[in-house]
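Comments concern the structure below.
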Amino acid sequence: MSGNVQEHYPAKGRVIIHLDMNAFYCSVHEAEQPETYSGKPTAVSGSVELRKGIIVTCSYTARARGIKTGMQVRQALKLCPELMLIKPDFELYRKYSRGFLSIARQFTDMVETVSIDECYMDITGSKLLGTPLEISRTLQQRIRTEWQLPCSIGLAPNKLLAKMASDMKKPNGLTVLRLRDVPGLLWDKPCGMLFGIGRKTAEKLLKLRIETIGQLAMADERMLIKHFGTVGAWMRAAAHGIDHGEVNPNREANKSIGHTTTLPQDVTEREEVFRILLNLSDQTGRRLRRQKLVASTVQITIRRPDMTTITRSHTLPAPTQSAEDINREARKLFSKHWPEGAPIRLLGVTLQNLTPLDETPMQLDLFDYEEQPKKEALIKAMDALRDKFGEDAVLTAGMLGDDPSTLIRNKRIRGTSLQKDDGLLYIDE
């Protein structure tokens with residue numbers, strides 16, 4: 001350990017690490033079966049058996065052969081006939097995610113999980129463990145040794161620059177990015193490379209003749225606010241490398257999204273139950289898409305007339321935000337776990353293991369590559385119609401009825417309530 005560690009930490013300010021796992025899914029499979037996958041061109045794809053669909057992610061060996069995320073499997077196999085296709089295993093990915101995060105938390109309590117394969121760490125208070133560089137190298141080495149996973153680390157005075165730094169060298173990179181480095185390293189880059197600026201914003205900046213991060217840093221703040229609102233002020237500050245966001249170890253996405261409905265009389269007919277589950281699945285899917293989330297687990301709740309309640313859940317092979325997928329799983333759970341003809345007083349559908357859509361590889365194609373875009377386009381069109389004309393604007397015949405499940409589309413009637421009993425949280429919203 002360096003002699004005077006204190007000298008390597010700022011008197012004021014913070015030291016932030018952004019830890020980003022490299023080609024995470026493929027790296028996990030390589031760690032599990034090195035004799036099969038080590039050094040080979042591999043790719044995770046939803047439709048492995050049919051050799052259709054698209055590439056969710058690929059190894060760096062595959063990337064060197066021209067394979068890219070989002071590429072059609074057929075096209076990828078033409079480029080690289082020896083490409084090894086792997087079926088996704090989200091339980092395995094979660095196991096390895098918990099593994100590298102447990103190592104991160106041994107260096108600091110200030111760990112903010114961003115997604116299954118990345119986190120921020122505030123190591124300002126970790127001086128006893130060494131200099132920031134020593135901590136970063138040890139962290140990287142331990143993840144490699146204990147979990148056989150490669151990762152890139154960005155080391156900076158704030159979250160924005162730490163994220164930018166971790167992207168600069170992959171795989172196995174360790175990059176330090178200080179405020180004084182920003183003009184020399186970033187200002188000649190296009191605005192779209194600044195973390196937080198999407199394609200549409202970059203295009204709008206181009207129309208204002210702002211092409212580079214440096215031009216954005218020098219732009220008139222009032223003009224930016226006029227065109228972008230408060231985001232304009234943030235963009236200009238970010239172009240200077242300024243970011244005041246704190247690492248939040250308690251940050252959690254919504255744990256679940258669900259609907260339950262209490263029935264006016266006992267329901268015993270399977271057809272009636274399936275119609276209610278369809279309405280519940282439809283609205284949970286709507287809320288999921290509004291919040292730009294996807295779900296990996298579907299849970300149903302069933303309450304008997306004597307008020308005893310059971311819940312049963314199933315984790316999907318791939319995340320979804322489709323009401324069709326949700327309803328199919330809800331029906332399967334009901335058929336498997338509820339005796340024919342037994343009376344029901346309450347039904348619920350809850351989605352769990354939620355992750356942000358833009359941080360989840362939704363390219364997973366469990367259908368035909370040609371069919372999935374059509375389904376997604378139809379869902380978007382239906383959502384747009386409902387947003388404009390109300391929830392009842394687009395319904396299927398199977399949703400129609402006179403029980404309370406048909407009213408959950410009407411916020412004015414259903415209201416918003418939180419009810420907690422039997423240790424379960426039911427959200428009627």
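Labels used: A, B, ... for chains in the order of the structure tokens, numbers from 1 for residues in each chain, and numbers from 1 for ligands as shown.
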
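If you count only C-alpha atoms and ignore residues fewer than 6 places along the chain from Leu346 of chain A, what sits within 9 Å of it is Thr260, Thr261, Thr262, Leu263, Asp266, Val267, Thr301, Ile302, Arg303, Arg304, Pro305, Met307 and Thr309 of chain A.
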
(message) Set the distance at 10 Å and use only C-alpha atoms: which residues neighbour Val247 of chain A once local chain neighbours fewer than 5 positions away are removed? I'd like the list as a PyMOL selection string.
(response) chain A and resi 16-17+110-113+119-122+158-159

May I have the residues from that selection written out with N, CA and C atoms, as a PDB file, in the first residue's frame?
```pdb
ATOM      1  N   ILE A  16     -15.348   8.266  -7.133  1.00  0.00           N
ATOM      2  CA  ILE A  16     -16.410   7.372  -7.590  1.00  0.00           C
ATOM      3  C   ILE A  16     -15.853   6.345  -8.579  1.00  0.00           C
ATOM      4  N   ILE A  17     -16.290   5.104  -8.418  1.00  0.00           N
ATOM      5  CA  ILE A  17     -15.985   4.033  -9.373  1.00  0.00           C
ATOM      6  C   ILE A  17     -17.260   3.659 -10.113  1.00  0.00           C
ATOM      7  N   MET A 110     -21.294   2.088   0.128  1.00  0.00           N
ATOM      8  CA  MET A 110     -21.939   3.003  -0.822  1.00  0.00           C
ATOM      9  C   MET A 110     -21.885   2.405  -2.230  1.00  0.00           C
ATOM     10  N   VAL A 111     -22.720   1.414  -2.469  1.00  0.00           N
ATOM     11  CA  VAL A 111     -22.807   0.755  -3.776  1.00  0.00           C
ATOM     12  C   VAL A 111     -24.218   0.933  -4.329  1.00  0.00           C
ATOM     13  N   GLU A 112     -24.316   1.513  -5.498  1.00  0.00           N
ATOM     14  CA  GLU A 112     -25.608   1.713  -6.159  1.00  0.00           C
ATOM     15  C   GLU A 112     -25.700   0.797  -7.377  1.00  0.00           C
ATOM     16  N   THR A 113     -26.582  -0.179  -7.295  1.00  0.00           N
ATOM     17  CA  THR A 113     -26.770  -1.103  -8.410  1.00  0.00           C
ATOM     18  C   THR A 113     -27.583  -0.413  -9.494  1.00  0.00           C
ATOM     19  N   CYS A 119     -22.556  -1.181 -11.591  1.00  0.00           N
ATOM     20  CA  CYS A 119     -22.877  -0.444 -10.363  1.00  0.00           C
ATOM     21  C   CYS A 119     -21.922   0.733 -10.206  1.00  0.00           C
ATOM     22  N   TYR A 120     -22.339   1.686  -9.370  1.00  0.00           N
ATOM     23  CA  TYR A 120     -21.478   2.792  -8.947  1.00  0.00           C
ATOM     24  C   TYR A 120     -21.023   2.516  -7.519  1.00  0.00           C
ATOM     25  N   MET A 121     -19.791   2.931  -7.199  1.00  0.00           N
ATOM     26  CA  MET A 121     -19.254   2.794  -5.853  1.00  0.00           C
ATOM     27  C   MET A 121     -18.641   4.121  -5.419  1.00  0.00           C
ATOM     28  N   ASP A 122     -19.029   4.596  -4.248  1.00  0.00           N
ATOM     29  CA  ASP A 122     -18.392   5.786  -3.665  1.00  0.00           C
ATOM     30  C   ASP A 122     -17.351   5.289  -2.675  1.00  0.00           C
ATOM     31  N   ASN A 158     -16.930  12.045 -10.088  1.00  0.00           N
ATOM     32  CA  ASN A 158     -18.397  12.009 -10.046  1.00  0.00           C
ATOM     33  C   ASN A 158     -18.906  10.850 -10.907  1.00  0.00           C
ATOM     34  N   LYS A 159     -20.213  10.596 -10.806  1.00  0.00           N
ATOM     35  CA  LYS A 159     -20.813   9.441 -11.487  1.00  0.00           C
ATOM     36  C   LYS A 159     -20.748   9.585 -13.011  1.00  0.00           C
TER      37      LYS A 159
END
```

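Remark: for Asp20 of chain A, the closest of the candidate residues A:Ala64, A:Leu139, A:Ala43, A:Glu35 is A:Leu139 (distances computed over only C-alpha atoms).
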
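For Ala202 of chain A, the residues within 10 Å (counting only C-alpha atoms, excluding itself and residues fewer than 4 positions away along the chain) are Pro190, Cys191, Gly192, Met193, Leu194, Ile197, Gly198, Leu206, Lys207, Leu208, Ile210, Glu211 and Thr212 of chain A.
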
(request) Would you kindly return, as a ChimeraX atom specification, each protein, DNA or RNA residue with an atom no farther than 9 Å from any atom of segment 284-297 of chain A, considering only C-alpha atoms and excluding same-chain residues fewer than 4 positions away? (result) /A:90,256-259,279-280,313-324,326,349-358,360,362,383

Would you save the residues from that selection as a tab-separated table (two decimals), in the first residue's frame, using N, CA and C atoms?
```
chain	number	residue	atom	x	y	z
A	90	PHE	N	-31.26	-16.60	-17.20
A	90	PHE	CA	-31.29	-15.42	-16.33
A	90	PHE	C	-31.04	-15.75	-14.86
A	256	SER	N	-42.40	-4.33	-7.59
A	256	SER	CA	-43.45	-5.06	-8.29
A	256	SER	C	-44.51	-4.10	-8.80
A	257	ILE	N	-45.25	-4.56	-9.78
A	257	ILE	CA	-46.42	-3.86	-10.30
A	257	ILE	C	-47.54	-4.88	-10.32
A	258	GLY	N	-48.68	-4.55	-9.75
A	258	GLY	CA	-49.75	-5.54	-9.70
A	258	GLY	C	-51.13	-4.95	-9.62
A	259	HIS	N	-52.09	-5.76	-9.95
A	259	HIS	CA	-53.51	-5.44	-9.79
A	259	HIS	C	-54.19	-6.60	-9.10
A	279	ASN	N	-58.02	-9.34	-17.97
A	279	ASN	CA	-58.13	-7.91	-17.65
A	279	ASN	C	-56.99	-7.46	-16.74
A	280	LEU	N	-56.68	-8.28	-15.74
A	280	LEU	CA	-55.60	-7.93	-14.81
A	280	LEU	C	-54.26	-7.91	-15.54
A	313	SER	N	-45.88	-18.16	-8.18
A	313	SER	CA	-45.16	-17.36	-9.18
A	313	SER	C	-44.31	-18.25	-10.07
A	314	HIS	N	-43.93	-17.68	-11.22
A	314	HIS	CA	-43.06	-18.38	-12.17
A	314	HIS	C	-42.15	-17.37	-12.83
A	315	THR	N	-40.86	-17.68	-12.90
A	315	THR	CA	-39.89	-16.81	-13.57
A	315	THR	C	-39.79	-17.20	-15.04
A	316	LEU	N	-39.95	-16.21	-15.89
A	316	LEU	CA	-39.98	-16.43	-17.33
A	316	LEU	C	-38.58	-16.72	-17.88
A	317	PRO	N	-38.48	-17.37	-19.01
A	317	PRO	CA	-37.16	-17.60	-19.62
A	317	PRO	C	-36.51	-16.32	-20.11
A	318	ALA	N	-37.31	-15.27	-20.34
A	318	ALA	CA	-36.77	-13.98	-20.78
A	318	ALA	C	-37.71	-12.87	-20.31
A	319	PRO	N	-37.19	-11.67	-20.02
A	319	PRO	CA	-38.03	-10.56	-19.56
A	319	PRO	C	-39.07	-10.20	-20.62
A	320	THR	N	-40.20	-9.64	-20.16
A	320	THR	CA	-41.27	-9.27	-21.09
A	320	THR	C	-41.99	-8.02	-20.59
A	321	GLN	N	-42.70	-7.37	-21.51
A	321	GLN	CA	-43.66	-6.33	-21.13
A	321	GLN	C	-44.96	-6.55	-21.91
A	322	SER	N	-45.14	-7.75	-22.42
A	322	SER	CA	-46.30	-8.10	-23.23
A	322	SER	C	-47.41	-8.68	-22.37
A	323	ALA	N	-48.63	-8.10	-22.48
A	323	ALA	CA	-49.78	-8.61	-21.74
A	323	ALA	C	-50.09	-10.04	-22.16
A	324	GLU	N	-49.81	-10.38	-23.40
A	324	GLU	CA	-50.05	-11.74	-23.89
A	324	GLU	C	-49.19	-12.74	-23.12
A	326	ILE	N	-47.83	-12.23	-20.14
A	326	ILE	CA	-48.24	-12.19	-18.73
A	326	ILE	C	-49.50	-13.04	-18.52
A	349	VAL	N	-52.84	-10.29	-10.23
A	349	VAL	CA	-51.67	-10.58	-11.06
A	349	VAL	C	-50.60	-9.55	-10.71
A	350	THR	N	-49.42	-10.02	-10.36
A	350	THR	CA	-48.31	-9.13	-9.97
A	350	THR	C	-47.07	-9.48	-10.79
A	351	LEU	N	-46.36	-8.45	-11.24
A	351	LEU	CA	-45.12	-8.63	-12.00
A	351	LEU	C	-43.94	-8.28	-11.09
A	352	GLN	N	-42.95	-9.14	-11.06
A	352	GLN	CA	-41.80	-8.96	-10.17
A	352	GLN	C	-40.49	-9.04	-10.95
A	353	ASN	N	-39.39	-8.83	-10.22
A	353	ASN	CA	-38.05	-8.80	-10.85
A	353	ASN	C	-38.06	-7.81	-12.01
A	354	LEU	N	-38.41	-6.57	-11.69
A	354	LEU	CA	-38.53	-5.54	-12.72
A	354	LEU	C	-37.18	-4.91	-13.01
A	355	THR	N	-36.93	-4.63	-14.28
A	355	THR	CA	-35.71	-3.93	-14.68
A	355	THR	C	-36.06	-2.89	-15.74
A	356	PRO	N	-35.28	-1.80	-15.82
A	356	PRO	CA	-35.57	-0.78	-16.84
A	356	PRO	C	-35.45	-1.35	-18.25
A	357	LEU	N	-36.37	-0.97	-19.11
A	357	LEU	CA	-36.38	-1.46	-20.49
A	357	LEU	C	-35.07	-1.14	-21.20
A	358	ASP	N	-34.55	0.11	-20.99
A	358	ASP	CA	-33.36	0.51	-21.74
A	358	ASP	C	-32.07	-0.11	-21.20
A	360	THR	N	-32.16	-3.49	-20.36
A	360	THR	CA	-32.44	-4.93	-20.48
A	360	THR	C	-32.41	-5.32	-21.95
A	362	MET	N	-33.88	-6.47	-24.60
A	362	MET	CA	-35.18	-6.89	-25.11
A	362	MET	C	-35.09	-7.44	-26.52
A	383	ASP	N	-51.42	0.95	-27.49
A	383	ASP	CA	-51.13	1.85	-26.36
A	383	ASP	C	-51.40	3.30	-26.74
```

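Shortest separation to Asp243 of chain A among A:Lys163, A:Val44, A:Trp338, A:Pro10 occurs at residue A:Lys163, atoms counted being only C-alpha atoms.
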
Skipping near chain neighbours, those fewer than 5 positions away, what residues fall within 9 Å of Arg14 of chain A using only C-alpha atoms, listed as an mmCIF file with N, CA and C atoms, in the first residue's frame?
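Everything below was put into result.cif:
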```cif
data_model
loop_
_atom_site.group_PDB
_atom_site.id
_atom_site.type_symbol
_atom_site.label_atom_id
_atom_site.label_comp_id
_atom_site.auth_asym_id
_atom_site.auth_seq_id
_atom_site.Cartn_x
_atom_site.Cartn_y
_atom_site.Cartn_z
ATOM 1 N N TYR A 9 -6.489 11.120 -2.140
ATOM 2 C CA TYR A 9 -7.912 11.445 -2.031
ATOM 3 C C TYR A 9 -8.079 12.957 -1.959
ATOM 4 N N ASP A 122 -19.029 4.596 -4.248
ATOM 5 C CA ASP A 122 -18.392 5.786 -3.665
ATOM 6 C C ASP A 122 -17.351 5.289 -2.675
ATOM 7 N N ILE A 123 -16.065 5.442 -3.020
ATOM 8 C CA ILE A 123 -14.989 4.921 -2.171
ATOM 9 C C ILE A 123 -14.267 6.038 -1.427
ATOM 10 N N THR A 124 -14.919 7.197 -1.311
ATOM 11 C CA THR A 124 -14.288 8.333 -0.625
ATOM 12 C C THR A 124 -13.880 7.963 0.800
ATOM 13 N N GLY A 125 -14.691 7.131 1.450
ATOM 14 C CA GLY A 125 -14.402 6.758 2.839
ATOM 15 C C GLY A 125 -13.643 5.452 2.977
ATOM 16 N N ALA A 156 -13.325 8.348 -11.151
ATOM 17 C CA ALA A 156 -13.532 9.779 -11.420
ATOM 18 C C ALA A 156 -14.092 10.478 -10.185
ATOM 19 N N PRO A 157 -14.189 11.826 -10.250
ATOM 20 C CA PRO A 157 -14.731 12.566 -9.108
ATOM 21 C C PRO A 157 -16.254 12.575 -9.052
ATOM 22 N N ASN A 158 -16.930 12.045 -10.088
ATOM 23 C CA ASN A 158 -18.397 12.009 -10.046
ATOM 24 C C ASN A 158 -18.906 10.850 -10.907
#
```

(request) Name the residues in contact with Pro41 of chain A at a cut-off of 12 Å, using only C-alpha atoms, excluding same-chain residues fewer than 2 positions from it; report them as a ChimeraX atom specification. (result) /A:23,26-27,30,36-39,43-44,57-68,76-77,79-86

(request) From a DSSP pass on the backbone, collect the residues of segment 26-153 of chain A flagged as strand (DSSP E or B) and hand them back as a PyMOL selection string. (result) chain A and resi 42-45+54-58+72+84-86+111-115+118-122+151-153

(message) I'd like the contact shell of Asn22 of chain A - 10 Å cut-off, only C-alpha atoms, skipping same-chain residues fewer than 3 positions apart - returned as a PyMOL selection string.
(response) chain A and resi 19+25-28+59-60+117-118+149-152+170-173

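Taking the backbone of this structure through DSSP, the residues of segment 100-174 of chain A that come out as alpha helix (DSSP H) are Phe100, Leu101, Ser102, Ile103, Ala104, Pro132, Leu133, Glu134, Ile135, Ser136, Arg137, Thr138, Leu139, Gln140, Gln141, Arg142, Ile143, Arg144, Thr145, Glu146, Trp147, Lys159, Leu160, Leu161, Ala162, Lys163, Met164, Ala165 and Ser166 of chain A.
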
Export of prior selection with C-alpha atoms as a CSV table (one decimal), in the first residue's frame:
```
chain,number,residue,atom,x,y,z
A,100,PHE,CA,-19.5,-9.5,-8.2
A,101,LEU,CA,-21.8,-7.1,-6.2
A,102,SER,CA,-20.9,-8.9,-3.0
A,103,ILE,CA,-17.2,-8.2,-3.7
A,104,ALA,CA,-17.9,-4.5,-4.5
A,132,PRO,CA,-8.3,4.7,-5.4
A,133,LEU,CA,-6.1,3.0,-8.0
A,134,GLU,CA,-5.1,0.2,-5.6
A,135,ILE,CA,-8.7,-0.4,-4.7
A,136,SER,CA,-9.7,-0.4,-8.4
A,137,ARG,CA,-7.0,-2.9,-9.4
A,138,THR,CA,-7.8,-5.2,-6.4
A,139,LEU,CA,-11.5,-5.0,-7.2
A,140,GLN,CA,-10.9,-5.9,-10.8
A,141,GLN,CA,-8.5,-8.7,-9.9
A,142,ARG,CA,-10.8,-10.3,-7.3
A,143,ILE,CA,-13.8,-10.4,-9.7
A,144,ARG,CA,-11.5,-12.0,-12.3
A,145,THR,CA,-10.1,-14.6,-9.8
A,146,GLU,CA,-13.3,-15.4,-7.8
A,147,TRP,CA,-15.9,-15.3,-10.6
A,159,LYS,CA,-20.8,9.4,-11.5
A,160,LEU,CA,-21.0,11.0,-15.0
A,161,LEU,CA,-17.2,10.9,-15.5
A,162,ALA,CA,-16.9,7.5,-13.9
A,163,LYS,CA,-19.4,6.1,-16.4
A,164,MET,CA,-17.7,7.8,-19.3
A,165,ALA,CA,-14.3,6.5,-18.2
A,166,SER,CA,-15.5,2.8,-17.9
```

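We find atom CA of Gly99 of chain A and atom CA of Lys87 of chain A to be spaced 21.2 Å apart.
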